[in-house]
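Everything below belongs to entry.cif, which stores mmCIF, C-alpha atoms.
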```
data_structure
#
loop_
_atom_site.label_atom_id
_atom_site.label_comp_id
_atom_site.auth_asym_id
_atom_site.auth_seq_id
_atom_site.Cartn_x
_atom_site.Cartn_y
_atom_site.Cartn_z
CA MET A 801 89.86 243.63 55.48
CA ILE A 802 91.59 243.34 52.13
CA ARG A 803 95.05 244.66 51.35
CA TYR A 804 95.57 245.88 47.81
CA ALA A 805 98.84 246.72 46.14
CA MET A 806 98.34 249.95 44.19
CA ARG A 807 100.26 251.98 41.62
CA CYS A 808 99.83 255.62 40.58
CA ASP A 809 100.22 257.02 37.06
CA LYS A 810 103.81 258.06 37.97
CA GLY A 811 104.76 254.43 38.73
CA HIS A 812 104.89 254.66 42.55
CA GLU A 813 103.78 251.50 44.30
CA PHE A 814 102.12 251.41 47.72
CA ASP A 815 99.39 249.46 49.46
CA GLY A 816 96.16 250.14 51.31
CA TRP A 817 93.55 248.33 53.36
CA PHE A 818 89.85 248.27 52.50
CA ARG A 819 86.75 246.67 53.99
CA SER A 820 85.89 245.01 50.68
CA SER A 821 86.58 245.18 46.97
CA ASP A 822 83.42 247.33 46.67
CA ALA A 823 84.87 249.78 49.21
CA TRP A 824 88.03 250.11 47.11
CA GLU A 825 86.00 250.71 43.95
CA THR A 826 83.78 253.27 45.69
CA ALA A 827 86.84 255.16 46.99
CA ARG A 828 88.45 255.10 43.53
CA ARG A 829 85.31 256.43 41.79
CA ALA A 830 84.98 259.19 44.41
CA GLY A 831 88.62 260.25 43.86
CA ALA A 832 89.39 259.45 47.49
CA LEU A 833 92.51 257.42 46.65
CA SER A 834 95.86 259.14 46.27
CA CYS A 835 99.46 258.05 45.92
CA ALA A 836 101.29 257.81 49.23
CA HIS A 837 104.45 259.15 47.54
CA CYS A 838 103.36 261.97 45.20
CA GLY A 839 99.68 262.55 45.94
CA SER A 840 98.45 261.66 42.44
CA SER A 841 94.79 260.68 42.38
CA GLN A 842 95.28 258.48 39.29
CA VAL A 843 95.53 255.19 41.21
CA GLU A 844 94.89 251.64 40.04
CA LYS A 845 95.33 248.21 41.59
CA ALA A 846 98.77 246.74 40.91
CA LEU A 847 99.42 243.10 40.09
CA MET A 848 99.57 241.12 43.34
CA ALA A 849 100.91 237.69 44.09
CA PRO A 850 98.73 235.73 46.49
CA ASN A 851 100.17 235.25 49.96
CA VAL A 852 100.04 231.49 50.39
CA ALA A 853 101.60 230.39 53.63
CA SER A 854 103.56 227.17 53.61
CA THR A 855 104.62 225.09 56.57
CA GLU A 856 108.20 226.20 55.88
CA ASP A 857 107.24 229.85 56.38
CA LYS A 858 105.67 229.29 59.80
CA PRO A 859 108.04 229.86 62.70
CA SER A 860 107.85 227.47 65.61
CA LEU A 861 106.04 229.00 68.55
CA THR A 862 107.89 226.79 71.04
CA ALA A 863 111.45 226.70 69.70
CA PRO A 864 113.90 229.31 71.05
CA ARG A 865 114.50 232.19 68.65
CA SER A 866 118.04 232.92 69.83
CA GLU A 867 120.90 231.51 71.92
CA ALA A 868 119.92 233.81 74.77
CA GLU A 869 116.35 232.54 74.72
CA ALA A 870 117.59 228.94 74.66
CA ALA A 871 119.86 229.62 77.67
CA LEU A 872 116.98 231.25 79.54
CA GLU A 873 114.73 228.26 78.85
CA LYS A 874 117.48 225.90 80.04
CA LEU A 875 117.79 227.93 83.27
CA ARG A 876 114.01 227.86 83.73
CA ARG A 877 113.90 224.05 83.32
CA HIS A 878 116.79 223.64 85.80
CA ILE A 879 115.11 225.83 88.43
CA GLU A 880 111.70 224.19 87.99
CA THR A 881 113.22 220.71 88.19
CA ASN A 882 115.50 221.37 91.17
CA SER A 883 113.39 223.58 93.42
CA ASP A 884 109.93 223.73 94.91
CA TYR A 885 107.42 226.28 93.65
CA VAL A 886 105.90 227.93 96.72
CA GLY A 887 103.84 230.55 94.90
CA LEU A 888 102.87 233.65 96.83
CA SER A 889 104.26 232.12 100.05
CA PHE A 890 107.83 232.75 98.85
CA ALA A 891 108.68 235.54 101.31
CA ASP A 892 107.32 233.60 104.32
CA GLU A 893 109.05 230.36 103.24
CA ALA A 894 112.39 232.07 102.59
CA ARG A 895 112.28 233.86 105.96
CA ALA A 896 111.31 230.65 107.80
CA MET A 897 114.27 228.77 106.26
CA HIS A 898 116.65 231.65 107.03
CA GLU A 899 115.51 231.76 110.66
CA GLY A 900 115.73 227.94 111.04
CA ARG A 901 111.97 227.46 111.50
CA SER A 902 111.77 225.39 108.32
CA PRO A 903 114.23 222.95 106.73
CA SER A 904 116.47 224.55 104.12
CA ARG A 905 115.71 223.69 100.49
CA ALA A 906 115.71 225.33 97.07
CA ILE A 907 112.49 227.23 96.42
CA HIS A 908 111.11 229.65 93.85
CA GLY A 909 107.93 231.65 93.85
CA GLU A 910 106.52 235.13 93.89
CA ALA A 911 106.86 238.04 96.28
CA ARG A 912 105.58 241.59 96.35
CA PRO A 913 108.37 244.13 95.76
CA ASP A 914 108.21 245.46 99.33
CA ASP A 915 108.43 241.90 100.76
CA ALA A 916 111.43 241.09 98.52
CA ARG A 917 113.15 244.34 99.56
CA LYS A 918 112.61 243.49 103.26
CA LEU A 919 114.11 240.00 102.76
CA ILE A 920 117.22 241.54 101.19
CA GLU A 921 117.50 244.19 103.95
CA ASP A 922 117.28 241.42 106.57
CA GLY A 923 120.07 239.42 104.91
CA VAL A 924 117.90 236.60 103.56
CA PRO A 925 119.67 235.24 100.46
CA VAL A 926 117.22 235.74 97.59
CA ALA A 927 117.56 236.71 93.94
CA PRO A 928 115.04 237.66 91.27
CA LEU A 929 114.51 235.24 88.41
CA PRO A 930 114.79 236.52 84.84
CA PHE A 931 111.34 235.09 83.99
CA LEU A 932 107.89 234.81 85.48
CA PRO A 933 107.11 231.48 87.10
CA ARG A 934 104.67 229.14 85.43
CA ARG A 935 101.65 228.92 87.66
CA LYS A 936 100.93 225.42 88.90
CA ALA A 937 97.32 224.30 88.99
CA ASN A 938 96.21 222.95 92.34
#
```
Same coordinates, now as structure tokens:
Amino acid sequence: MIRYAMRCDKGHEFDGWFRSSDAWETARRAGALSCAHCGSSQVEKALMAPNVASTEDKPSLTAPRSEAEAALEKLRRHIETNSDYVGLSFADEARAMHEGRSPSRAIHGEARPDDARKLIEDGVPVAPLPFLPRRKAN
């Protein structure tokens, strides 16, 4: 797909997407192009500057975009460093620790909503995390 900047005979500028330069020319010759502002069918390509990406324009995909995101990442690292990931066994592990069948320790994992609700109803101290856990490969 090619994006062209266009201008009508009234001076309105707009853009459009075309499969190829031939497709744009075919649409123009057929009178199928019209101004997005006034409807004029007298449309030509406008002068365009090439879009050349520089390394300065590219945002980092790993750096936090805000203070809130940075704080959330810091919390994630703290939890992952200081607790055991128990995966889908979270509800069973949390209940076993609460009932004294397993030694108490910090854990994080995943639970179905009905299992999490039952833990809360039974007084098991659990809290949802504000992020999805990173799955650990076994």
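A straight line drawn from CA of Val886 (chain A) to CA of Ile907 (chain A) is 6.6 Å long.
From CA of Ala896 (chain A) back to CA of Arg917 (chain A), the distance works out to 16.1 Å.
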(request) Using only C-alpha atoms, determine which residues lie at most 7 Å from Trp817 (chain A), disregarding the query and same-chain residues fewer than 3 positions distant; provide the list as a ChimeraX atom specification. (result) /A:801-804
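If you look at CA of His837 (chain A) and CA of Lys810 (chain A), they are 9.7 Å away from each other.
Nearest to Arg895 (chain A) of all the residues A:Ala916, A:Val924, A:Cys808, A:Cys838 is A:Val924, based on all atoms listed in the file.
If you measure from each of A:Ser820, A:Asp915, A:Leu872, A:Val926 to His898 (chain A) using all atoms listed in the file, the closest one turns out to be A:Val926.
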(request) Determine the residue membership of the PyMOL selection byres ((chain A and resi 906) around 7) for the file above and supply it as a PyMOL selection string. (result) chain A and resi 883-884+905+907
(message) Give me the residues near Ser840 (chain A) as a VMD selection string, where near means some atom within 10 Å (using all atoms listed in the file) and where sequence neighbours in that chain fewer than 3 positions away do not count.
(response) chain A and resid 807 to 810 812 833 to 837 843
(message) If we count all atoms listed in the file and set the cut-off at 12 Å, which residues sit around Glu880 (chain A), ignoring sequence neighbours fewer than 4 positions away in its own chain? Please answer as a ChimeraX atom specification.
(response) /A:873-876,884-886,906-909,929,931-936
Which residues, written as a PDB file with C-alpha atoms, in the coordinates of the input, have at least one atom at most 10 Å from Arg828 (chain A), with all atoms listed in the file counted and residues fewer than 2 positions away on the same chain left out?
```pdb
ATOM      1  CA  ASP A 822      83.420 247.330  46.670  1.00  0.00           C
ATOM      2  CA  ALA A 823      84.870 249.780  49.210  1.00  0.00           C
ATOM      3  CA  TRP A 824      88.030 250.110  47.110  1.00  0.00           C
ATOM      4  CA  GLU A 825      86.000 250.710  43.950  1.00  0.00           C
ATOM      5  CA  THR A 826      83.780 253.270  45.690  1.00  0.00           C
ATOM      6  CA  ALA A 830      84.980 259.190  44.410  1.00  0.00           C
ATOM      7  CA  GLY A 831      88.620 260.250  43.860  1.00  0.00           C
ATOM      8  CA  ALA A 832      89.390 259.450  47.490  1.00  0.00           C
ATOM      9  CA  LEU A 833      92.510 257.420  46.650  1.00  0.00           C
ATOM     10  CA  SER A 834      95.860 259.140  46.270  1.00  0.00           C
ATOM     11  CA  SER A 841      94.790 260.680  42.380  1.00  0.00           C
ATOM     12  CA  GLN A 842      95.280 258.480  39.290  1.00  0.00           C
ATOM     13  CA  VAL A 843      95.530 255.190  41.210  1.00  0.00           C
ATOM     14  CA  GLU A 844      94.890 251.640  40.040  1.00  0.00           C
ATOM     15  CA  LYS A 845      95.330 248.210  41.590  1.00  0.00           C
TER      16      LYS A 845
END
```
(request) Fewer than 5 positions away in the same chain doesn't count, so skip those; otherwise give me all residues within 12 Å of Leu919 (chain A), counting all atoms listed in the file, as a ChimeraX atom specification. (result) /A:890-899,911-914,924-928
What would the selection look like, as an mmCIF file with C-alpha atoms, in the coordinates of the input, if the PyMOL selection byres ((chain A and resi 815) around 6) were run on the coordinates I just shared?
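Everything below was put into out10.cif:
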```
data_model
loop_
_atom_site.group_PDB
_atom_site.id
_atom_site.type_symbol
_atom_site.label_atom_id
_atom_site.label_comp_id
_atom_site.auth_asym_id
_atom_site.auth_seq_id
_atom_site.Cartn_x
_atom_site.Cartn_y
_atom_site.Cartn_z
ATOM 1 C CA TYR A 804 95.570 245.880 47.810
ATOM 2 C CA ALA A 805 98.840 246.720 46.140
ATOM 3 C CA MET A 806 98.340 249.950 44.190
ATOM 4 C CA PHE A 814 102.120 251.410 47.720
ATOM 5 C CA GLY A 816 96.160 250.140 51.310
#
```
